[in-house]
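**Student:** One structure, pasted below without further comment.
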Amino acid sequence: MTLEICIDSVASALAAEAGGADRVELCDNLVEGGTTPSHGMVDLVKERCSLPIMMMIRPRGGDFFYTEEEYAVMKQNIRWAKSMGVQGVVFGILKQDGSIDLERNKELIELARPLEVTFHRAFDVCNDPLRALDELIVMGVDRLLTSGLQATAEQGIPLIRDLVQRQQNEINIMAGGGVRPHNVKKIIQETGIHEVHATGRMTFPSPMEYTNPVVFMGAPGQSEYTRTQTDVGLVREMVREIPTNLL
């Protein structure tokens, strides 16, 4: 059983490792679902954390239909990821009709090798999940991250179970989206998966003593005086909840 923790900071990487996680997915901007992390972030996480790193390749938040310029950025970031020595990369590209972009994804997979490839939750907004699964298998994707096309993996249990049964050991299905200590065992037992993906995040107050609550650097209402990062206690709780007979 593999527990992957999605992180966007060195502090979260260290918490994931201390809590007993097996791997991290390293991103920036988790508030937008994750984008490509900076060179400095990858370098420091590699230096201070011994866990394998899956690096997000996503040029922006929002949808998964990319311009030629954005696609060029993704290719360049995969080349950079290979030079950084991470374990793998995480990406996903759709066409405007919600189908998998076979040509572009195949090109990125070939460019990424010998790194591992995870197709991320772009899958959860595709127009035909069973067809998409078959296409990802044919392309040779190593791992699919999915919430079963629902807001959370717990709600998506029926489809995740169907995907696990359909793939016949040709691709790893990893459940992610709202995975927490209270539901991780249920998700594992009712789907048959052997990999789960979570953030284990908690929100902490900023250490700032002086604040100006009327100024927003991001979206209005989004406080600059709180910080969200992986909590070692939550990771440990999830590790404890994973059924021992699947370890």
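The chains in the structure tokens are called A, B, ... from first to last as shown; in each chain the residues are counted from 1, and the ligands are counted from 1 in the order shown.
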Where does DSSP see helix (DSSP H, G or I) in region 41-246 of chain A, if you list the residues as a short mmCIF file (atom, residue, chain, number, x, y, z; two decimals) with N, CA and C atoms, in the first residue's frame?
**Tutor:**
```cif
data_model
loop_
_atom_site.label_atom_id
_atom_site.label_comp_id
_atom_site.auth_asym_id
_atom_site.auth_seq_id
_atom_site.Cartn_x
_atom_site.Cartn_y
_atom_site.Cartn_z
N MET A 41 12.32 25.18 -5.16
CA MET A 41 11.51 24.29 -4.34
C MET A 41 11.89 22.83 -4.57
N VAL A 42 12.03 22.44 -5.83
CA VAL A 42 12.40 21.05 -6.14
C VAL A 42 13.76 20.74 -5.55
N ASP A 43 14.69 21.65 -5.71
CA ASP A 43 16.05 21.44 -5.24
C ASP A 43 16.09 21.24 -3.73
N LEU A 44 15.39 22.08 -2.98
CA LEU A 44 15.42 22.00 -1.52
C LEU A 44 14.67 20.78 -1.00
N VAL A 45 13.55 20.44 -1.64
CA VAL A 45 12.82 19.24 -1.20
C VAL A 45 13.69 18.01 -1.42
N LYS A 46 14.38 17.95 -2.57
CA LYS A 46 15.28 16.82 -2.82
C LYS A 46 16.40 16.78 -1.79
N GLU A 47 16.90 17.93 -1.41
CA GLU A 47 18.02 18.00 -0.47
C GLU A 47 17.62 17.58 0.94
N ARG A 48 16.40 17.95 1.36
CA ARG A 48 16.03 17.78 2.77
C ARG A 48 15.05 16.64 3.03
N GLU A 68 -0.60 26.39 -27.60
CA GLU A 68 0.70 25.91 -28.07
C GLU A 68 1.82 26.40 -27.16
N GLU A 69 1.71 27.65 -26.69
CA GLU A 69 2.74 28.18 -25.81
C GLU A 69 2.76 27.45 -24.47
N GLU A 70 1.58 27.17 -23.92
CA GLU A 70 1.52 26.45 -22.65
C GLU A 70 2.05 25.02 -22.81
N TYR A 71 1.75 24.41 -23.92
CA TYR A 71 2.24 23.06 -24.19
C TYR A 71 3.76 23.05 -24.31
N ALA A 72 4.30 24.08 -24.93
CA ALA A 72 5.76 24.20 -25.04
C ALA A 72 6.40 24.35 -23.65
N VAL A 73 5.73 25.08 -22.76
CA VAL A 73 6.22 25.23 -21.39
C VAL A 73 6.21 23.87 -20.68
N MET A 74 5.17 23.08 -20.89
CA MET A 74 5.09 21.76 -20.26
C MET A 74 6.24 20.87 -20.72
N LYS A 75 6.54 20.89 -22.01
CA LYS A 75 7.64 20.08 -22.52
C LYS A 75 8.97 20.53 -21.92
N GLN A 76 9.16 21.82 -21.85
CA GLN A 76 10.41 22.33 -21.28
C GLN A 76 10.53 21.94 -19.80
N ASN A 77 9.42 21.98 -19.07
CA ASN A 77 9.46 21.63 -17.65
C ASN A 77 9.70 20.13 -17.44
N ILE A 78 9.26 19.30 -18.37
CA ILE A 78 9.57 17.87 -18.28
C ILE A 78 11.07 17.65 -18.49
N ARG A 79 11.66 18.34 -19.45
CA ARG A 79 13.11 18.23 -19.65
C ARG A 79 13.86 18.64 -18.39
N TRP A 80 13.39 19.71 -17.77
CA TRP A 80 14.01 20.20 -16.54
C TRP A 80 13.83 19.18 -15.41
N ALA A 81 12.63 18.58 -15.30
CA ALA A 81 12.36 17.58 -14.26
C ALA A 81 13.33 16.41 -14.37
N LYS A 82 13.59 15.99 -15.60
CA LYS A 82 14.53 14.88 -15.81
C LYS A 82 15.93 15.26 -15.32
N SER A 83 16.33 16.48 -15.54
CA SER A 83 17.65 16.92 -15.10
C SER A 83 17.73 17.05 -13.59
N MET A 84 16.58 17.22 -12.92
CA MET A 84 16.55 17.37 -11.47
C MET A 84 16.60 16.03 -10.75
N LEU A 102 -4.72 12.49 -27.26
CA LEU A 102 -3.81 11.36 -27.43
C LEU A 102 -2.44 11.80 -27.94
N GLU A 103 -2.44 12.67 -28.92
CA GLU A 103 -1.17 13.07 -29.54
C GLU A 103 -0.26 13.79 -28.56
N ARG A 104 -0.79 14.76 -27.86
CA ARG A 104 0.04 15.55 -26.96
C ARG A 104 0.47 14.73 -25.74
N ASN A 105 -0.45 13.98 -25.14
CA ASN A 105 -0.07 13.18 -23.98
C ASN A 105 0.97 12.13 -24.34
N LYS A 106 0.82 11.52 -25.51
CA LYS A 106 1.80 10.51 -25.93
C LYS A 106 3.17 11.14 -26.10
N GLU A 107 3.21 12.33 -26.66
CA GLU A 107 4.50 13.00 -26.85
C GLU A 107 5.15 13.32 -25.51
N LEU A 108 4.34 13.76 -24.53
CA LEU A 108 4.89 14.06 -23.22
C LEU A 108 5.39 12.80 -22.51
N ILE A 109 4.66 11.69 -22.67
CA ILE A 109 5.09 10.43 -22.06
C ILE A 109 6.45 10.00 -22.62
N GLU A 110 6.58 10.07 -23.94
CA GLU A 110 7.85 9.68 -24.57
C GLU A 110 8.98 10.60 -24.13
N LEU A 111 8.68 11.89 -24.00
CA LEU A 111 9.68 12.85 -23.56
C LEU A 111 10.10 12.59 -22.11
N ALA A 112 9.16 12.14 -21.29
CA ALA A 112 9.42 11.97 -19.86
C ALA A 112 10.25 10.73 -19.54
N ARG A 121 -5.83 14.43 -12.22
CA ARG A 121 -7.29 14.48 -12.17
C ARG A 121 -7.94 15.26 -13.32
N ALA A 122 -7.18 15.59 -14.34
CA ALA A 122 -7.83 15.98 -15.59
C ALA A 122 -8.78 14.87 -16.02
N PHE A 123 -8.43 13.64 -15.64
CA PHE A 123 -9.28 12.48 -15.91
C PHE A 123 -10.69 12.68 -15.35
N ASP A 124 -10.79 13.37 -14.22
CA ASP A 124 -12.08 13.52 -13.55
C ASP A 124 -13.01 14.51 -14.23
N VAL A 125 -12.52 15.19 -15.25
CA VAL A 125 -13.41 16.06 -16.04
C VAL A 125 -13.40 15.64 -17.51
N PRO A 129 -14.95 8.16 -19.05
CA PRO A 129 -13.86 7.63 -18.24
C PRO A 129 -13.39 6.23 -18.63
N LEU A 130 -14.28 5.36 -19.08
CA LEU A 130 -13.86 4.01 -19.43
C LEU A 130 -13.02 4.01 -20.70
N ARG A 131 -13.45 4.79 -21.67
CA ARG A 131 -12.64 4.93 -22.88
C ARG A 131 -11.30 5.58 -22.56
N ALA A 132 -11.33 6.61 -21.71
CA ALA A 132 -10.10 7.30 -21.34
C ALA A 132 -9.13 6.36 -20.64
N LEU A 133 -9.63 5.51 -19.76
CA LEU A 133 -8.76 4.55 -19.09
C LEU A 133 -8.06 3.64 -20.10
N ASP A 134 -8.83 3.12 -21.04
CA ASP A 134 -8.24 2.25 -22.07
C ASP A 134 -7.16 2.99 -22.86
N GLU A 135 -7.40 4.26 -23.15
CA GLU A 135 -6.42 5.04 -23.91
C GLU A 135 -5.15 5.27 -23.10
N LEU A 136 -5.30 5.54 -21.82
CA LEU A 136 -4.12 5.74 -20.97
C LEU A 136 -3.30 4.47 -20.87
N ILE A 137 -3.96 3.32 -20.81
CA ILE A 137 -3.25 2.04 -20.76
C ILE A 137 -2.45 1.82 -22.05
N VAL A 138 -3.09 2.08 -23.19
CA VAL A 138 -2.42 1.90 -24.48
C VAL A 138 -1.20 2.82 -24.59
N MET A 139 -1.32 4.04 -24.05
CA MET A 139 -0.20 4.99 -24.11
C MET A 139 0.92 4.63 -23.15
N ILE A 157 -16.31 6.17 -5.14
CA ILE A 157 -15.96 4.76 -4.92
C ILE A 157 -16.50 3.84 -6.00
N PRO A 158 -17.76 3.93 -6.43
CA PRO A 158 -18.27 2.97 -7.43
C PRO A 158 -17.46 2.98 -8.72
N LEU A 159 -17.13 4.16 -9.25
CA LEU A 159 -16.37 4.21 -10.50
C LEU A 159 -14.92 3.79 -10.27
N ILE A 160 -14.32 4.20 -9.17
CA ILE A 160 -12.94 3.79 -8.89
C ILE A 160 -12.86 2.27 -8.83
N ARG A 161 -13.83 1.65 -8.20
CA ARG A 161 -13.85 0.19 -8.13
C ARG A 161 -13.95 -0.41 -9.53
N ASP A 162 -14.79 0.18 -10.38
CA ASP A 162 -14.92 -0.30 -11.76
C ASP A 162 -13.61 -0.15 -12.54
N LEU A 163 -12.92 0.96 -12.32
CA LEU A 163 -11.65 1.19 -13.01
C LEU A 163 -10.61 0.18 -12.57
N VAL A 164 -10.55 -0.10 -11.28
CA VAL A 164 -9.59 -1.08 -10.76
C VAL A 164 -9.84 -2.45 -11.39
N GLN A 165 -11.11 -2.84 -11.48
CA GLN A 165 -11.45 -4.15 -12.04
C GLN A 165 -11.21 -4.19 -13.53
N ARG A 166 -11.37 -3.07 -14.21
CA ARG A 166 -11.24 -3.03 -15.67
C ARG A 166 -9.78 -3.03 -16.12
N GLN A 167 -8.88 -2.45 -15.32
CA GLN A 167 -7.50 -2.23 -15.80
C GLN A 167 -6.64 -3.49 -15.80
N VAL A 184 -10.10 6.89 4.69
CA VAL A 184 -9.09 6.23 3.87
C VAL A 184 -9.28 4.71 3.87
N LYS A 185 -9.62 4.12 5.03
CA LYS A 185 -9.81 2.67 5.09
C LYS A 185 -11.00 2.26 4.22
N LYS A 186 -12.09 3.01 4.30
CA LYS A 186 -13.28 2.69 3.51
C LYS A 186 -12.96 2.73 2.02
N ILE A 187 -12.24 3.77 1.58
CA ILE A 187 -11.91 3.91 0.17
C ILE A 187 -11.06 2.73 -0.31
N ILE A 188 -10.08 2.35 0.50
CA ILE A 188 -9.21 1.24 0.13
C ILE A 188 -10.00 -0.06 0.05
N GLN A 189 -10.77 -0.34 1.08
CA GLN A 189 -11.46 -1.62 1.16
C GLN A 189 -12.56 -1.76 0.11
N GLU A 190 -13.22 -0.66 -0.24
CA GLU A 190 -14.35 -0.75 -1.16
C GLU A 190 -13.96 -0.59 -2.62
N THR A 191 -12.72 -0.23 -2.89
CA THR A 191 -12.29 -0.08 -4.29
C THR A 191 -11.25 -1.11 -4.72
N VAL A 232 1.89 16.63 10.21
CA VAL A 232 2.47 15.32 10.46
C VAL A 232 1.50 14.41 11.19
N GLY A 233 0.69 14.96 12.08
CA GLY A 233 -0.27 14.17 12.82
C GLY A 233 -1.33 13.56 11.93
N LEU A 234 -1.81 14.32 10.95
CA LEU A 234 -2.82 13.79 10.02
C LEU A 234 -2.24 12.68 9.16
N VAL A 235 -0.99 12.85 8.73
CA VAL A 235 -0.35 11.80 7.93
C VAL A 235 -0.22 10.53 8.76
N ARG A 236 0.20 10.67 10.00
CA ARG A 236 0.32 9.50 10.88
C ARG A 236 -1.02 8.81 11.08
N GLU A 237 -2.08 9.61 11.23
CA GLU A 237 -3.41 9.02 11.40
C GLU A 237 -3.80 8.21 10.17
N MET A 238 -3.52 8.73 8.98
CA MET A 238 -3.85 8.00 7.76
C MET A 238 -3.06 6.71 7.66
N VAL A 239 -1.77 6.78 8.02
CA VAL A 239 -0.94 5.58 7.99
C VAL A 239 -1.52 4.52 8.93
N ARG A 240 -1.97 4.95 10.10
CA ARG A 240 -2.55 4.00 11.06
C ARG A 240 -3.85 3.40 10.56
N GLU A 241 -4.60 4.17 9.78
CA GLU A 241 -5.90 3.70 9.31
C GLU A 241 -5.81 2.78 8.09
N THR A 244 -3.80 -3.13 7.67
CA THR A 244 -2.49 -3.77 7.74
C THR A 244 -2.38 -4.97 6.81
N ASN A 245 -3.50 -5.60 6.48
CA ASN A 245 -3.42 -6.78 5.61
C ASN A 245 -3.14 -6.40 4.16
N LEU A 246 -3.12 -5.10 3.84
CA LEU A 246 -2.79 -4.67 2.48
C LEU A 246 -1.39 -4.10 2.41
#
```
**Student:** Pick out each residue of region 63-198 of chain A that DSSP on the backbone tags as strand (DSSP E or B); I need them as a ChimeraX atom specification.
**Tutor:** /A:88-91,94,100,116-119,143-146,172-176,195-198
**Student:** Store the residues picked out above in a file with N, CA, C and O atoms, as a compact mmCIF listing (two decimals), in the first residue's frame.
**Tutor:**
```
# COMPACT_ATOMS: atom_id res chain seq x y z
N GLY A 88 9.34 11.00 -11.00
CA GLY A 88 8.39 11.01 -12.10
C GLY A 88 7.71 12.36 -12.25
O GLY A 88 7.97 13.30 -11.50
N VAL A 89 6.83 12.43 -13.24
CA VAL A 89 6.10 13.65 -13.53
C VAL A 89 4.60 13.35 -13.58
O VAL A 89 4.18 12.21 -13.79
N VAL A 90 3.82 14.40 -13.39
CA VAL A 90 2.37 14.30 -13.29
C VAL A 90 1.76 15.32 -14.22
O VAL A 90 2.05 16.51 -14.12
N PHE A 91 0.93 14.87 -15.17
CA PHE A 91 0.30 15.81 -16.10
C PHE A 91 -0.97 15.21 -16.68
O PHE A 91 -1.30 14.05 -16.42
N LEU A 94 -6.40 17.53 -22.06
CA LEU A 94 -7.67 17.18 -22.69
C LEU A 94 -7.88 18.01 -23.95
O LEU A 94 -7.28 19.08 -24.11
N ILE A 100 -9.44 12.67 -24.09
CA ILE A 100 -8.00 12.69 -23.87
C ILE A 100 -7.29 13.13 -25.16
O ILE A 100 -7.59 12.63 -26.24
N GLU A 116 8.71 7.93 -14.23
CA GLU A 116 7.34 7.46 -14.10
C GLU A 116 6.39 8.57 -14.56
O GLU A 116 6.70 9.75 -14.47
N VAL A 117 5.20 8.16 -15.03
CA VAL A 117 4.20 9.12 -15.48
C VAL A 117 2.87 8.85 -14.78
O VAL A 117 2.34 7.74 -14.84
N THR A 118 2.37 9.87 -14.11
CA THR A 118 1.02 9.84 -13.53
C THR A 118 0.12 10.77 -14.34
O THR A 118 0.49 11.92 -14.59
N PHE A 119 -1.05 10.27 -14.75
CA PHE A 119 -2.06 11.13 -15.36
C PHE A 119 -2.95 11.62 -14.23
O PHE A 119 -3.55 10.82 -13.51
N ARG A 143 0.37 5.42 -13.90
CA ARG A 143 -0.53 5.62 -12.76
C ARG A 143 -1.62 6.62 -13.13
O ARG A 143 -1.35 7.62 -13.81
N LEU A 144 -2.83 6.38 -12.65
CA LEU A 144 -3.94 7.30 -12.84
C LEU A 144 -4.42 7.77 -11.48
O LEU A 144 -4.78 6.96 -10.62
N LEU A 145 -4.43 9.08 -11.27
CA LEU A 145 -4.98 9.68 -10.07
C LEU A 145 -6.42 10.11 -10.35
O LEU A 145 -6.66 10.87 -11.30
N THR A 146 -7.36 9.64 -9.53
CA THR A 146 -8.76 9.97 -9.80
C THR A 146 -9.59 9.98 -8.54
O THR A 146 -9.31 9.25 -7.58
N ASN A 172 -1.68 1.52 -12.50
CA ASN A 172 -2.03 1.70 -11.09
C ASN A 172 -3.11 2.76 -10.97
O ASN A 172 -2.97 3.86 -11.51
N ILE A 173 -4.19 2.43 -10.27
CA ILE A 173 -5.24 3.40 -9.99
C ILE A 173 -5.01 3.94 -8.59
O ILE A 173 -4.98 3.17 -7.62
N MET A 174 -4.85 5.23 -8.47
CA MET A 174 -4.63 5.88 -7.18
C MET A 174 -5.80 6.79 -6.87
O MET A 174 -6.14 7.69 -7.66
N ALA A 175 -6.43 6.59 -5.74
CA ALA A 175 -7.59 7.41 -5.34
C ALA A 175 -7.12 8.67 -4.65
O ALA A 175 -6.27 8.64 -3.76
N GLY A 176 -7.67 9.81 -5.05
CA GLY A 176 -7.34 11.07 -4.43
C GLY A 176 -8.51 12.04 -4.50
O GLY A 176 -9.36 11.93 -5.38
N GLU A 195 -2.97 2.36 -3.88
CA GLU A 195 -2.31 3.65 -3.74
C GLU A 195 -3.36 4.70 -3.41
O GLU A 195 -4.44 4.72 -4.03
N VAL A 196 -3.05 5.57 -2.44
CA VAL A 196 -3.94 6.68 -2.11
C VAL A 196 -3.14 7.97 -2.09
O VAL A 196 -1.94 7.99 -1.82
N HIS A 197 -3.84 9.06 -2.37
CA HIS A 197 -3.24 10.38 -2.54
C HIS A 197 -4.00 11.36 -1.65
O HIS A 197 -5.23 11.44 -1.72
N ALA A 198 -3.28 12.08 -0.81
CA ALA A 198 -3.92 13.03 0.11
C ALA A 198 -2.98 14.19 0.36
O ALA A 198 -1.79 14.13 0.03
```
**Student:** Of the residues A:Thr211, A:Ala153, A:Asp101, A:Val10, which is the one nearest to Ile193 (chain A), using only C-alpha atoms?
**Tutor:** A:Ala153
**Student:** Go through A:Gly98, A:Gly34, A:Gly140, A:Met56 one by one, measure the shortest atom-to-atom distance of each to Glu170 (chain A) using only C-alpha atoms, and give the residue with the smallest value.
**Tutor:**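 Smallest distance to Glu170 (chain A) is found for A:Gly140.
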**Student:** Residues within 8 Å of Met202 (chain A), please, as a PDB file with N, CA and C atoms, in the first residue's frame. Count only C-alpha atoms; anything in the same chain fewer than 6 positions from it doesn't count.
**Tutor:**
```pdb
ATOM      1  N   THR A 228      -1.482  27.174   5.041  1.00  0.00           N
ATOM      2  CA  THR A 228      -1.958  25.799   4.964  1.00  0.00           C
ATOM      3  C   THR A 228      -0.799  24.892   4.569  1.00  0.00           C
ATOM      4  N   GLN A 229      -0.567  23.854   5.351  1.00  0.00           N
ATOM      5  CA  GLN A 229       0.498  22.912   5.027  1.00  0.00           C
ATOM      6  C   GLN A 229       0.180  21.545   5.606  1.00  0.00           C
ATOM      7  N   THR A 230       0.903  20.544   5.136  1.00  0.00           N
ATOM      8  CA  THR A 230       0.716  19.174   5.594  1.00  0.00           C
ATOM      9  C   THR A 230       1.020  19.081   7.081  1.00  0.00           C
ATOM     10  N   ASP A 231       0.156  18.364   7.797  1.00  0.00           N
ATOM     11  CA  ASP A 231       0.310  18.172   9.230  1.00  0.00           C
ATOM     12  C   ASP A 231       0.793  16.755   9.506  1.00  0.00           C
TER      13      ASP A 231
END
```
**Student:** Would you kindly return, as a PyMOL selection string, each protein, DNA or RNA residue with an atom no farther than 10 Å from any atom of Arg60 (chain A), considering only C-alpha atoms and excluding same-chain residues fewer than 2 positions away?
**Tutor:** chain A and resi 28-29+32-36+57-58+62-64+66+70
**Student:** Those same residues, written as a PDB file, in the first residue's frame with C-alpha atoms?
**Tutor:**
```pdb
ATOM      1  CA  ASP A  28       3.037  24.925  -6.389  1.00  0.00           C
ATOM      2  CA  ASN A  29      -0.310  26.699  -5.905  1.00  0.00           C
ATOM      3  CA  GLU A  32      -5.512  26.209  -7.710  1.00  0.00           C
ATOM      4  CA  GLY A  33      -5.185  22.440  -7.709  1.00  0.00           C
ATOM      5  CA  GLY A  34      -1.422  22.447  -8.188  1.00  0.00           C
ATOM      6  CA  THR A  35       0.965  23.878 -10.781  1.00  0.00           C
ATOM      7  CA  THR A  36       4.627  23.273 -11.619  1.00  0.00           C
ATOM      8  CA  ILE A  57       3.728  19.561 -14.856  1.00  0.00           C
ATOM      9  CA  ARG A  58       0.909  22.093 -15.152  1.00  0.00           C
ATOM     10  CA  GLY A  62      -8.098  26.107 -14.560  1.00  0.00           C
ATOM     11  CA  ASP A  63      -8.991  23.750 -17.405  1.00  0.00           C
ATOM     12  CA  PHE A  64      -6.722  21.191 -19.090  1.00  0.00           C
ATOM     13  CA  TYR A  66      -3.635  24.200 -23.389  1.00  0.00           C
ATOM     14  CA  GLU A  70       1.517  26.448 -22.652  1.00  0.00           C
TER      15      GLU A  70
END
```
**Student:** What does the distance between CA of Ile5 (chain A) and CA of Ser50 (chain A) come to in Å, to one decimal place?
**Tutor:** 13.4 Å
**Student:** Would you mind telling me which residue in A:Met208, A:Ile171, A:Val215, A:Ala13 lies nearest to Glu25 (chain A) when using only C-alpha atoms?
**Tutor:**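 Ranking A:Met208, A:Ile171, A:Val215, A:Ala13 by distance to Glu25 (chain A), first place goes to A:Ala13.
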